[in-house]
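Engineer: Quick one: the structure is below, questions incoming.
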Amino acid sequence: MTTPIFIVIILTFLINLITTLSYSVRIVGIRTGRIAISFALFNILVLISRTANGFQAPLLASSIEKNIKYGLDSNLIDFRLIIFSCTIATIFGGLLIPTFQRILSVAVNRFSVYKSVPKVIFYGFTKGGITYFKDSIVVPDKRNITQLDFRVDFPWKVFLMNVVAVAIITVGVISSLYAGYLNPELRTTSSTLSSVINGFATILMFVFIDPFLSIMTDEVVLGKCKESIFRKYIVYMVLARIVGTLIAQLIFIPSAKLIAYFSGIL
């Protein structure tokens, strides 16, 4: 494994970790009654994720270009490890949700006092902030899993769409870049198709999945839905992400071949 590939794996892990933790923001908004502030503070992590995403593709593309130039093997295992890091990050992020929501709740309450993001960040390094951080570290309650009932009120439609969207987004960029090995002459065309692929998955996310969670968030705030039920649905969404990243392993090569084929007929 080369250094660029190792960096890509770390960046991919970070991106998927932050994406998984985003589910906890709604819970924090419900508990604190400050949904807008919760998302505003979480956007700091989103900026980190987008920055990491900006470096991810160029690093991977550079590695591919060098391998093609020197006639080296595609080293499929590296791509498999990148996808596997998505699965590990999602699992790790799911386990961190209870801890993260407590930390973010403290940050939201402090922001209400300081009304300044830098002051909130600085507070995290004070003695009181470190104490709050230590006290917020908890082990997820196993009942969050054992009490799941896939036969009653299970959102199959949203669950399956989330699985499909996550699987597509997971392989969107790397399949487009791997297609460069399959059709080196058109590798630039192949790489640009990633935006089209991810665009389809993004439509699923923003048209079906996010509105579903937003409606549930409002219903909990209005007292029409119990928070325990909402938390159960969050677990379902995390499980959908895990399944999606596993399916990504299966569709990775077929997706790369399909992209290479379409690159040839454009």
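To be explicit about the labels: the chains of the structure tokens are called A, B, and onward in the order shown, and within each one the residues are counted from 1, while ligands get numbers from 1 in the order they are shown.
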If you count only C-alpha atoms, which residues fall within 12 Å of A:Pro254, apart from same-chain ones fewer than 2 positions away, as a list in words?
Structural biologist: Ile168, Val171, Gly172, Ser175, Ser176, Tyr178, Ala179, Leu182, Ile247, Ala248, Gln249, Leu250, Ile251, Phe252, Ala256, Lys257, Leu258, Ile259, Ala260 and Tyr261 of chain A
Engineer: Now that the selection is made, can you save its residues with N, CA, C and O atoms as a PDB file, in the first residue's frame?
Structural biologist:
```pdb
ATOM      1  N   ILE A 168     -24.307   3.483  -4.019  1.00  0.00           N
ATOM      2  CA  ILE A 168     -23.905   4.236  -5.214  1.00  0.00           C
ATOM      3  C   ILE A 168     -22.881   5.303  -4.872  1.00  0.00           C
ATOM      4  O   ILE A 168     -21.860   5.458  -5.561  1.00  0.00           O
ATOM      5  N   VAL A 171     -19.299   3.906  -4.188  1.00  0.00           N
ATOM      6  CA  VAL A 171     -18.469   3.480  -5.329  1.00  0.00           C
ATOM      7  C   VAL A 171     -18.418   4.523  -6.439  1.00  0.00           C
ATOM      8  O   VAL A 171     -17.681   4.339  -7.412  1.00  0.00           O
ATOM      9  N   GLY A 172     -19.197   5.598  -6.301  1.00  0.00           N
ATOM     10  CA  GLY A 172     -19.299   6.571  -7.387  1.00  0.00           C
ATOM     11  C   GLY A 172     -17.969   7.077  -7.889  1.00  0.00           C
ATOM     12  O   GLY A 172     -17.650   6.976  -9.085  1.00  0.00           O
ATOM     13  N   SER A 175     -15.185   3.917  -8.514  1.00  0.00           N
ATOM     14  CA  SER A 175     -15.480   3.113  -9.705  1.00  0.00           C
ATOM     15  C   SER A 175     -15.154   3.903 -10.967  1.00  0.00           C
ATOM     16  O   SER A 175     -14.635   3.357 -11.939  1.00  0.00           O
ATOM     17  N   SER A 176     -15.452   5.203 -10.939  1.00  0.00           N
ATOM     18  CA  SER A 176     -15.150   6.059 -12.094  1.00  0.00           C
ATOM     19  C   SER A 176     -13.652   6.147 -12.337  1.00  0.00           C
ATOM     20  O   SER A 176     -13.182   6.140 -13.483  1.00  0.00           O
ATOM     21  N   TYR A 178     -11.403   3.838 -11.182  1.00  0.00           N
ATOM     22  CA  TYR A 178     -10.914   2.489 -11.521  1.00  0.00           C
ATOM     23  C   TYR A 178     -11.194   2.153 -12.985  1.00  0.00           C
ATOM     24  O   TYR A 178     -10.457   1.370 -13.601  1.00  0.00           O
ATOM     25  N   ALA A 179     -12.259   2.755 -13.530  1.00  0.00           N
ATOM     26  CA  ALA A 179     -12.573   2.526 -14.942  1.00  0.00           C
ATOM     27  C   ALA A 179     -11.424   2.981 -15.834  1.00  0.00           C
ATOM     28  O   ALA A 179     -11.294   2.529 -16.978  1.00  0.00           O
ATOM     29  N   LEU A 182      -9.499   0.108 -16.911  1.00  0.00           N
ATOM     30  CA  LEU A 182     -10.180  -0.726 -17.903  1.00  0.00           C
ATOM     31  C   LEU A 182     -10.163  -0.087 -19.288  1.00  0.00           C
ATOM     32  O   LEU A 182     -10.180  -0.783 -20.300  1.00  0.00           O
ATOM     33  N   ILE A 247     -22.766  -3.752   0.128  1.00  0.00           N
ATOM     34  CA  ILE A 247     -23.207  -3.981  -1.250  1.00  0.00           C
ATOM     35  C   ILE A 247     -22.263  -3.287  -2.227  1.00  0.00           C
ATOM     36  O   ILE A 247     -22.056  -3.751  -3.359  1.00  0.00           O
ATOM     37  N   ALA A 248     -21.680  -2.179  -1.782  1.00  0.00           N
ATOM     38  CA  ALA A 248     -20.737  -1.446  -2.634  1.00  0.00           C
ATOM     39  C   ALA A 248     -19.579  -2.335  -3.069  1.00  0.00           C
ATOM     40  O   ALA A 248     -19.053  -2.188  -4.183  1.00  0.00           O
ATOM     41  N   GLN A 249     -19.168  -3.265  -2.200  1.00  0.00           N
ATOM     42  CA  GLN A 249     -18.103  -4.203  -2.566  1.00  0.00           C
ATOM     43  C   GLN A 249     -18.520  -5.067  -3.755  1.00  0.00           C
ATOM     44  O   GLN A 249     -17.694  -5.406  -4.607  1.00  0.00           O
ATOM     45  N   LEU A 250     -19.815  -5.399  -3.806  1.00  0.00           N
ATOM     46  CA  LEU A 250     -20.314  -6.279  -4.866  1.00  0.00           C
ATOM     47  C   LEU A 250     -20.477  -5.551  -6.192  1.00  0.00           C
ATOM     48  O   LEU A 250     -20.258  -6.129  -7.261  1.00  0.00           O
ATOM     49  N   ILE A 251     -20.869  -4.277  -6.134  1.00  0.00           N
ATOM     50  CA  ILE A 251     -21.155  -3.549  -7.375  1.00  0.00           C
ATOM     51  C   ILE A 251     -19.972  -2.725  -7.866  1.00  0.00           C
ATOM     52  O   ILE A 251     -20.057  -2.091  -8.920  1.00  0.00           O
ATOM     53  N   PHE A 252     -18.870  -2.754  -7.133  1.00  0.00           N
ATOM     54  CA  PHE A 252     -17.717  -1.923  -7.484  1.00  0.00           C
ATOM     55  C   PHE A 252     -17.190  -2.219  -8.889  1.00  0.00           C
ATOM     56  O   PHE A 252     -17.123  -1.328  -9.752  1.00  0.00           O
ATOM     57  N   ALA A 256     -17.585  -0.128 -12.450  1.00  0.00           N
ATOM     58  CA  ALA A 256     -16.413   0.358 -13.183  1.00  0.00           C
ATOM     59  C   ALA A 256     -16.487  -0.072 -14.654  1.00  0.00           C
ATOM     60  O   ALA A 256     -16.175   0.715 -15.563  1.00  0.00           O
ATOM     61  N   LYS A 257     -16.911  -1.310 -14.895  1.00  0.00           N
ATOM     62  CA  LYS A 257     -17.039  -1.799 -16.275  1.00  0.00           C
ATOM     63  C   LYS A 257     -18.120  -1.036 -17.024  1.00  0.00           C
ATOM     64  O   LYS A 257     -17.965  -0.710 -18.216  1.00  0.00           O
ATOM     65  N   LEU A 258     -19.222  -0.750 -16.339  1.00  0.00           N
ATOM     66  CA  LEU A 258     -20.321  -0.015 -16.957  1.00  0.00           C
ATOM     67  C   LEU A 258     -19.890   1.418 -17.315  1.00  0.00           C
ATOM     68  O   LEU A 258     -20.212   1.927 -18.381  1.00  0.00           O
ATOM     69  N   ILE A 259     -19.145   2.022 -16.404  1.00  0.00           N
ATOM     70  CA  ILE A 259     -18.654   3.389 -16.646  1.00  0.00           C
ATOM     71  C   ILE A 259     -17.671   3.395 -17.819  1.00  0.00           C
ATOM     72  O   ILE A 259     -17.712   4.282 -18.680  1.00  0.00           O
ATOM     73  N   ALA A 260     -16.777   2.391 -17.853  1.00  0.00           N
ATOM     74  CA  ALA A 260     -15.811   2.299 -18.957  1.00  0.00           C
ATOM     75  C   ALA A 260     -16.530   2.117 -20.291  1.00  0.00           C
ATOM     76  O   ALA A 260     -16.129   2.685 -21.312  1.00  0.00           O
ATOM     77  N   TYR A 261     -17.627   1.349 -20.267  1.00  0.00           N
ATOM     78  CA  TYR A 261     -18.411   1.112 -21.496  1.00  0.00           C
ATOM     79  C   TYR A 261     -19.058   2.398 -21.980  1.00  0.00           C
ATOM     80  O   TYR A 261     -18.956   2.763 -23.171  1.00  0.00           O
TER      81      TYR A 261
END
```
Engineer: Using the chain letters and numbers from this document, which residues of stretch 23-240 of chain A does DSSP assign to helix (DSSP H, G or I), as a count of residues only?
Structural biologist: 183
Engineer: Give me the residues near A:Ile37 as a JSON list (two decimals) with N, CA, C and O atoms, in the first residue's frame, where near means some atom within 12 Å (using only C-alpha atoms) and where sequence neighbours in that chain fewer than 2 positions away do not count.
Structural biologist:
```json
[["chain", "number", "residue", "atom", "x", "y", "z"],
["A", 25, "VAL", "N", -27.47, 14.73, 15.03],
["A", 25, "VAL", "CA", -27.76, 16.16, 15.12],
["A", 25, "VAL", "C", -29.25, 16.39, 15.34],
["A", 25, "VAL", "O", -29.65, 17.28, 16.10],
["A", 26, "ARG", "N", -30.09, 15.61, 14.70],
["A", 26, "ARG", "CA", -31.53, 15.76, 14.87],
["A", 26, "ARG", "C", -31.96, 15.45, 16.31],
["A", 26, "ARG", "O", -32.85, 16.10, 16.86],
["A", 28, "VAL", "N", -30.09, 15.81, 18.95],
["A", 28, "VAL", "CA", -29.64, 16.95, 19.77],
["A", 28, "VAL", "C", -30.60, 18.12, 19.63],
["A", 28, "VAL", "O", -30.96, 18.78, 20.61],
["A", 29, "GLY", "N", -31.04, 18.37, 18.39],
["A", 29, "GLY", "CA", -31.97, 19.47, 18.16],
["A", 29, "GLY", "C", -33.27, 19.28, 18.91],
["A", 29, "GLY", "O", -33.84, 20.23, 19.45],
["A", 30, "ILE", "N", -33.74, 18.03, 18.96],
["A", 30, "ILE", "CA", -34.98, 17.72, 19.66],
["A", 30, "ILE", "C", -34.81, 17.92, 21.17],
["A", 30, "ILE", "O", -35.65, 18.53, 21.84],
["A", 32, "THR", "N", -32.51, 19.67, 22.86],
["A", 32, "THR", "CA", -32.18, 21.03, 23.30],
["A", 32, "THR", "C", -33.22, 22.05, 22.85],
["A", 32, "THR", "O", -33.25, 23.17, 23.36],
["A", 33, "GLY", "N", -34.05, 21.67, 21.87],
["A", 33, "GLY", "CA", -35.02, 22.60, 21.33],
["A", 33, "GLY", "C", -34.38, 23.63, 20.41],
["A", 33, "GLY", "O", -35.01, 24.64, 20.08],
["A", 34, "ARG", "N", -33.13, 23.40, 20.01],
["A", 34, "ARG", "CA", -32.40, 24.34, 19.16],
["A", 34, "ARG", "C", -31.85, 23.60, 17.93],
["A", 34, "ARG", "O", -30.66, 23.34, 17.82],
["A", 35, "ILE", "N", -32.76, 23.27, 17.03],
["A", 35, "ILE", "CA", -32.41, 22.48, 15.85],
["A", 35, "ILE", "C", -31.47, 23.25, 14.93],
["A", 35, "ILE", "O", -30.48, 22.72, 14.43],
["A", 39, "PHE", "N", -27.50, 22.18, 13.85],
["A", 39, "PHE", "CA", -26.99, 21.98, 12.50],
["A", 39, "PHE", "C", -25.88, 22.98, 12.18],
["A", 39, "PHE", "O", -24.92, 22.65, 11.47],
["A", 40, "ALA", "N", -25.99, 24.19, 12.71],
["A", 40, "ALA", "CA", -24.97, 25.21, 12.46],
["A", 40, "ALA", "C", -23.63, 24.78, 13.03],
["A", 40, "ALA", "O", -22.58, 24.94, 12.38],
["A", 41, "LEU", "N", -23.63, 24.24, 14.25],
["A", 41, "LEU", "CA", -22.38, 23.79, 14.87],
["A", 41, "LEU", "C", -21.84, 22.54, 14.17],
["A", 41, "LEU", "O", -20.63, 22.38, 14.00],
["A", 42, "PHE", "N", -22.75, 21.65, 13.77],
["A", 42, "PHE", "CA", -22.30, 20.43, 13.10],
["A", 42, "PHE", "C", -21.69, 20.75, 11.75],
["A", 42, "PHE", "O", -20.84, 20.00, 11.25],
["A", 43, "ASN", "N", -22.10, 21.87, 11.15],
["A", 43, "ASN", "CA", -21.55, 22.25, 9.84],
["A", 43, "ASN", "C", -20.05, 22.47, 9.88],
["A", 43, "ASN", "O", -19.38, 22.44, 8.84],
["A", 44, "ILE", "N", -19.50, 22.70, 11.08],
["A", 44, "ILE", "CA", -18.05, 22.81, 11.21],
["A", 44, "ILE", "C", -17.40, 21.49, 10.82],
["A", 44, "ILE", "O", -16.39, 21.46, 10.10],
["A", 104, "LEU", "N", -22.31, 17.30, 21.59],
["A", 104, "LEU", "CA", -22.91, 18.36, 20.78],
["A", 104, "LEU", "C", -23.97, 19.12, 21.57],
["A", 104, "LEU", "O", -24.14, 20.35, 21.39],
["A", 105, "SER", "N", -24.68, 18.43, 22.45],
["A", 105, "SER", "CA", -25.68, 19.09, 23.29],
["A", 105, "SER", "C", -25.03, 20.14, 24.18],
["A", 105, "SER", "O", -25.55, 21.25, 24.36],
["A", 106, "VAL", "N", -23.88, 19.80, 24.75],
["A", 106, "VAL", "CA", -23.14, 20.75, 25.58],
["A", 106, "VAL", "C", -22.71, 21.95, 24.74],
["A", 106, "VAL", "O", -22.81, 23.10, 25.16],
["A", 107, "ALA", "N", -22.22, 21.65, 23.52],
["A", 107, "ALA", "CA", -21.76, 22.73, 22.63],
["A", 107, "ALA", "C", -22.92, 23.66, 22.27],
["A", 107, "ALA", "O", -22.76, 24.89, 22.23],
["A", 108, "VAL", "N", -24.09, 23.09, 22.02],
["A", 108, "VAL", "CA", -25.27, 23.90, 21.67],
["A", 108, "VAL", "C", -25.66, 24.80, 22.84],
["A", 108, "VAL", "O", -25.93, 25.99, 22.67],
["A", 109, "ASN", "N", -25.67, 24.23, 24.04],
["A", 109, "ASN", "CA", -26.03, 25.03, 25.22],
["A", 109, "ASN", "C", -25.00, 26.13, 25.48],
["A", 109, "ASN", "O", -25.36, 27.25, 25.87],
["A", 110, "ARG", "N", -23.73, 25.82, 25.27],
["A", 110, "ARG", "CA", -22.69, 26.84, 25.47],
["A", 110, "ARG", "C", -22.77, 27.93, 24.40],
["A", 110, "ARG", "O", -22.51, 29.10, 24.68],
["A", 111, "PHE", "N", -23.12, 27.52, 23.18],
["A", 111, "PHE", "CA", -23.24, 28.52, 22.12],
["A", 111, "PHE", "C", -24.37, 29.51, 22.44],
["A", 111, "PHE", "O", -24.29, 30.70, 22.11],
["A", 112, "SER", "N", -25.42, 29.00, 23.10],
["A", 112, "SER", "CA", -26.53, 29.87, 23.49],
["A", 112, "SER", "C", -26.07, 30.92, 24.49],
["A", 112, "SER", "O", -26.65, 32.01, 24.57],
["A", 115, "LYS", "N", -22.62, 32.69, 22.18],
["A", 115, "LYS", "CA", -23.00, 33.20, 20.85],
["A", 115, "LYS", "C", -21.78, 33.42, 19.96],
["A", 115, "LYS", "O", -21.70, 34.37, 19.19],
["A", 116, "SER", "N", -20.81, 32.52, 20.11],
["A", 116, "SER", "CA", -19.57, 32.60, 19.33],
["A", 116, "SER", "C", -18.98, 31.20, 19.18],
["A", 116, "SER", "O", -18.75, 30.52, 20.18],
["A", 117, "VAL", "N", -18.76, 30.78, 17.94],
["A", 117, "VAL", "CA", -18.20, 29.45, 17.68],
["A", 117, "VAL", "C", -16.77, 29.33, 18.24],
["A", 117, "VAL", "O", -16.44, 28.33, 18.88]]
```
Engineer: Can you pull out the residues contacting stretch 200-214 of chain A? Cut-off 7 Å, using only C-alpha atoms, and skip same-chain residues under 2 positions away; I want them as a list in words.
Structural biologist: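 These residues fall inside the cut-off: Val158, Met161, Asn162, Ala165, Ile168, Ile169, Val196, Ile197, Asn198, Met216, Thr217 and Asp218 of chain A.
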Engineer: Using only C-alpha atoms, pick whichever of A:Lys69, A:Lys224, A:Arg80, A:Arg50 has the shortest atom-to-atom distance to A:Glu185.
Structural biologist: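 Closest to A:Glu185, using only C-alpha atoms: A:Lys69.
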Engineer: Would you pick out the contacts of A:Leu177 at 7 Å or less, using only C-alpha atoms, so that residues sharing its chain but fewer than 2 positions from it are not included, and give the list as a list of chain:residue names?
Structural biologist: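 Everything that qualifies: A:Ala61, A:Val173, A:Ile174, A:Ser175, A:Ala179, A:Gly180, A:Ser190, A:Ser191.
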Engineer: Please, what distance in Å, to one decimal, runs between atom CA of A:Leu148 and atom CA of A:Cys86?
Structural biologist: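 Computed distance, atom CA of A:Leu148 to atom CA of A:Cys86, equals 23.7 Å.
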Engineer: Check the smallest atom-to-atom distance from each of A:Val243, A:Ile7, A:Leu193, A:Ile215 to A:Ser255 using only C-alpha atoms, then report the winner.
Structural biologist: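 Result for the nearest residue to A:Ser255: A:Leu193.
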Engineer: Excluding A:Asp135 and any residue of its chain fewer than 5 positions from it, enumerate the residues within 10 Å of it, using only C-alpha atoms, and give them as number ranges by chain.
Structural biologist: A: 99, 102-103, 129-130
Engineer: Please dump the current selection as a short mmCIF file (atom, residue, chain, number, x, y, z; two decimals), in the first residue's frame; keep N, CA and C atoms.
Structural biologist:
```cif
data_model
loop_
_atom_site.label_atom_id
_atom_site.label_comp_id
_atom_site.auth_asym_id
_atom_site.auth_seq_id
_atom_site.Cartn_x
_atom_site.Cartn_y
_atom_site.Cartn_z
N THR A 99 -22.42 9.17 22.43
CA THR A 99 -21.40 10.06 22.99
C THR A 99 -21.41 11.40 22.27
N ARG A 102 -24.24 13.82 23.15
CA ARG A 102 -24.06 14.47 24.46
C ARG A 102 -23.07 15.63 24.34
N ILE A 103 -21.98 15.39 23.61
CA ILE A 103 -20.98 16.45 23.43
C ILE A 103 -21.57 17.62 22.65
N GLY A 129 -14.61 22.05 30.15
CA GLY A 129 -14.95 21.43 28.89
C GLY A 129 -14.42 20.00 28.79
N ILE A 130 -13.20 19.79 29.25
CA ILE A 130 -12.61 18.44 29.23
C ILE A 130 -13.39 17.51 30.15
#
```
Engineer: Residues at most 9 Å from stretch 225-232 of chain A, counting only C-alpha atoms, excluding those fewer than 2 positions away in the same chain, as an NGL selection string?
Structural biologist: :A and (24 or 27 or 30 or 144-145 or 147-148 or 213 or 216-223 or 234-237)
Engineer: What is the atom CA of A:Ile265 to atom CA of A:Ile64 distance in Å?
Structural biologist: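 Between these atoms lies a distance of 22.4 Å.
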Engineer: Name the closest residue to A:Ile15 among the candidates A:Val138, A:Thr170, A:Thr131, A:Ser74; distances are taken between atoms, counting only C-alpha atoms.
Structural biologist: A:Thr170
Engineer: Find the residue from A:Val164, A:Leu186, A:Ile9, A:Ile68 that sits nearest to A:Gly264; use only C-alpha atoms when measuring.
Structural biologist: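 Comparing A:Val164, A:Leu186, A:Ile9, A:Ile68 against A:Gly264, the winner is A:Leu186.
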Engineer: Using only C-alpha atoms, can you tell me which of A:Ile10, A:Ser85, A:Ser263, A:Lys66 comes closest to A:Asn183?
Structural biologist: A:Ser263
Engineer: Pick out the closest residue to A:Thr192 from this set: A:Ala57, A:Leu246, A:Ile137, A:Thr51. Count only C-alpha atoms.
Structural biologist: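 The answer is A:Ala57, which sits nearest to A:Thr192.
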Engineer: At what distance in Å, to one decimal, does atom CA of A:Tyr114 lie from atom CA of A:Leu14?
Structural biologist: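 Atom-to-atom, atom CA of A:Leu14 and atom CA of A:Tyr114 are spaced 28.6 Å apart.
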